[in-house]
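A.B. asks: This is the structure I have questions about; it appears just below.
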Amino acid sequence: MNYKRIFLIVLDSFGIGELPDAKDYGDEGSNTFKSIFGSKFFNVNIMKKMGLFNIDGIDFGEKEENTIACYGKAKERSKGKDTTTGHWEMAGIIKDKPSPVFPNGFPKEVIEEFTKVTGRKVLCNKPYSGTEVIKDYGEEHIKTGALIVYTSADSVFQIAAHEECVSVEELYKYCEQAREILKGNYAVGRVIARPFIGEYPNFTRTSNRRDFSLLPPKDTMLNYLQKDKKSVISIGKIAEIFSDSGITEKYHTKDNADGMRRIMKLIEEKSFCGLCFMNLEDFDMLYGHRNDVDGYAKAISEFDKWLGGFIEKLNEEDLLIITADHGCDPATPSTDHSREYIPILAYNKNLVSQNLGTRETYADIGKTVLANFEIENSLPGEILWNIKN
């Protein structure tokens with residue numbers, strides 16, 4: 001059958017083992033799933049029933065004899081391992097070259113242009129931990145009004161500012177100006193606003209983070225859905241990742257719990273035909289990047305507990321797909337994303353459970369969504385299963 005509502009949930013950074021080319025990215029041995037499985041706080045009974053441990057290549061944990069969902073994993077064909085690349089591929093854009101990174105900070109001409117258009121000087125300008133950079137530069141920022149600009153191993157231009165010195169709206173404006181500058185060879189995947197509050201040394205980042213992504217270079221799954229008059233509802237940072245392209249309705253979230261509340265309310269109260277696309281970012285931002293194994297395990301377990309109640313709300317015309325966008329193994333020395341397979345778990349109470357095997361691209365997800373709505377398209381990928389069954 002075809003489904004009226006599809007709920008696509010991305011567990012940000014929940015990779016399930018290194019890709020064959022992981023060594024090219026310095027990620028040999030990375031396995032986010034296996035690392036948190038070892039925590040005493042790890043408990044995922046619902047995803048286990050769906051077939052999480054039955055996915056090909058998972059050599060730990062207990063297999064489920066009677067799985068209730070379709071299960072499999074997918075490779076990333078695009079070059080890179082960042083949020084934008086992963087989500088774009090899921091929606092049908094495969095990037096032949098990775099977005100640029102700046103391990104030595106941004107070039108002089110970029111910083112000079114940014115200073116000129118914003119009227120503010122710049123502090124730092126090098127790769128840095130987001131929590132450490134405000135500790136080390138926060139006081140100087142408050143005294144001088146200079147903006148804290150930093151990057152990471154990912155393709156990002158991040159701007160941190162204290163909310164009492166630079167209003168959130170003003171910080172967003174600076175990010176938009178940076179987005180205009182960062183094109184061509186400097187076209188980072190995302191410009192990120194990183195507001196913080198507090199007094200030294202107890203500065204803390206707020207939930208007013210905002211991402212400013214590149215506009216996708218061509219139509220994605222979202223645009224095809226929108227043109228076919230289907231709803232495309234964003235929860236979390238999905239709208240930002242796609243620069244609002246193809247989005248018909250959006251809800252910003254403060255954290256995972258807020259996202260789960262919003263999608264639960266949506267499934268209970270809103271009748272729509274189309275896609276609800278949600279990203280749960282805390283796994284990556286709060287735990288993967290901070291090498292917090294137990295925190296990550298607790299967060300996944302909290303999601304799984306919530307998932308049981310969510311599945312009960314699904315009706316016969318609803319399809320749930322759970323996946324990820326890359327890895328971020330909290331047990332490796334690196335605090336950066338890792339090049340890993342992503343899981344695919346697909347559930348409807350009448351969908352016959354099957355092993356989807358190893359998919360050659362994340363784009364199979366978007367291809368399946370469009371096939372469900374019988375929307376002709378030229379996007380890459382193959383349908384995960386026979387939609388008509």
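Naming scheme: A, B, ... for chains in displayed order of the structure tokens; residues 1 onward per chain; ligands 1 onward as shown.
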Could you pull out all residues of range 151-192 of chain A with a DSSP call of helix (DSSP H, G or I) and give them as a PyMOL selection string?
C.D. replies: chain A and resi 168-181+184-186
A.B. asks: Any chance you could list, as a PyMOL selection string, the residues in range 139-313 of chain A that come up strand (DSSP E) when DSSP is run on the backbone?
C.D. replies: chain A and resi 147-151+156-162+190-197+204-205+210-213+231-235+249-251+274-280
A.B. asks: Please determine, counting only C-alpha atoms, which residue among A:His326, A:Lys116, A:Arg209, A:Arg77 has the shortest atom-to-atom distance to Ile16 in chain A.
C.D. replies: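 Comparing A:His326, A:Lys116, A:Arg209, A:Arg77 against Ile16 in chain A, the winner is A:His326.
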A.B. asks: Could you list, as a PyMOL selection string, every residue within 8 Å of Val122 in chain A, counting only C-alpha atoms and ignoring same-chain residues fewer than 5 positions away?
C.D. replies: chain A and resi 111+115+146-149
A.B. asks: Keeping only N, CA and C atoms, take the residues you just selected and write them out as a PDB file, in the first residue's frame.
C.D. replies:
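So selection_32.pdb came out as:
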ATOM      1  N   ILE A 111      38.301  36.994   6.230  1.00  0.00           N
ATOM      2  CA  ILE A 111      38.142  37.697   7.509  1.00  0.00           C
ATOM      3  C   ILE A 111      38.060  39.202   7.304  1.00  0.00           C
ATOM      4  N   THR A 115      34.878  41.418   8.411  1.00  0.00           N
ATOM      5  CA  THR A 115      35.052  42.563   9.307  1.00  0.00           C
ATOM      6  C   THR A 115      34.485  43.838   8.690  1.00  0.00           C
ATOM      7  N   ALA A 146      34.367  42.299  19.700  1.00  0.00           N
ATOM      8  CA  ALA A 146      34.810  41.497  18.558  1.00  0.00           C
ATOM      9  C   ALA A 146      34.083  40.150  18.569  1.00  0.00           C
ATOM     10  N   LEU A 147      33.799  39.626  17.385  1.00  0.00           N
ATOM     11  CA  LEU A 147      33.088  38.356  17.260  1.00  0.00           C
ATOM     12  C   LEU A 147      34.059  37.177  17.309  1.00  0.00           C
ATOM     13  N   ILE A 148      33.655  36.112  17.973  1.00  0.00           N
ATOM     14  CA  ILE A 148      34.478  34.897  18.043  1.00  0.00           C
ATOM     15  C   ILE A 148      34.145  34.043  16.826  1.00  0.00           C
ATOM     16  N   VAL A 149      35.104  33.909  15.933  1.00  0.00           N
ATOM     17  CA  VAL A 149      34.929  33.106  14.722  1.00  0.00           C
ATOM     18  C   VAL A 149      35.837  31.884  14.821  1.00  0.00           C
TER      19      VAL A 149
END
A.B. asks: Could you give me, as a VMD selection string, the residues within 8 Å of Gly327 in chain A, counting only C-alpha atoms and dropping anything in the same chain fewer than 4 positions from it?
C.D. replies: chain A and resid 12 to 16 30 to 32 81 337 to 342
A.B. asks: Now that the selection is made, can you save its residues with C-alpha atoms as a compact mmCIF listing (two decimals), in the first residue's frame?
C.D. replies:
# COMPACT_ATOMS: atom_id res chain seq x y z
CA ASP A 12 22.10 12.85 14.22
CA SER A 13 25.48 11.02 14.15
CA PHE A 14 24.19 7.52 15.03
CA GLY A 15 26.59 5.66 12.75
CA ILE A 16 26.81 1.87 12.91
CA SER A 30 34.95 4.09 14.30
CA ASN A 31 31.63 2.59 15.36
CA THR A 32 29.32 4.94 17.22
CA LYS A 81 30.99 13.24 6.49
CA HIS A 337 32.31 13.26 12.78
CA SER A 338 33.21 9.76 11.59
CA ARG A 339 32.70 8.15 8.19
CA GLU A 340 30.23 5.35 8.97
CA TYR A 341 27.30 3.36 7.66
CA ILE A 342 23.89 4.63 8.72
A.B. asks: Report the distance between CA of Phe33 in chain A and CA of Gly17 in chain A in Å, rounded to one decimal place.
C.D. replies: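 Interatomic distance here is 7.2 Å.
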A.B. asks: Between CA of Val156 in chain A and CA of Tyr224 in chain A, what is the spacing in Å?
C.D. replies: 27.8 Å
A.B. asks: Considering only C-alpha atoms, return as a list in words whatever protein or nucleic-acid residues lie within 10 Å of Arg210 in chain A, sequence-local ones (same chain, fewer than 4 positions apart) excluded.
C.D. replies: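 After dropping sequence-adjacent residues, the list is Val168, Leu171, Tyr172, Cys175, Arg190, Val191, Ile192, Ala193, Arg194, Pro195, Lys237, Glu240 and His252 of chain A.
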A.B. asks: Could you tell me which of A:Phe373, A:Phe203, A:Phe102, A:Phe42 comes closest to Asp304 in chain A if we count only C-alpha atoms?
C.D. replies: A:Phe42
A.B. asks: To one decimal place in Å, what is the distance between CA of Tyr150 in chain A and CA of Leu215 in chain A?
C.D. replies: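 Distance between the two atoms: 22.0 Å.
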A.B. asks: Between A:Glu176, A:Asp325, A:Glu62, A:Glu360, which residue has the minimum interatomic distance to His87 in chain A, considering only C-alpha atoms?
C.D. replies: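 Of A:Glu176, A:Asp325, A:Glu62, A:Glu360, the one nearest His87 in chain A, counting only C-alpha atoms, is A:Asp325.
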A.B. asks: Using only C-alpha atoms, can you tell me which of A:Ile94, A:Leu384, A:Leu8, A:Leu19 comes closest to Lys218 in chain A?
C.D. replies: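 Among the listed residues, the smallest separation from Lys218 in chain A belongs to A:Ile94.
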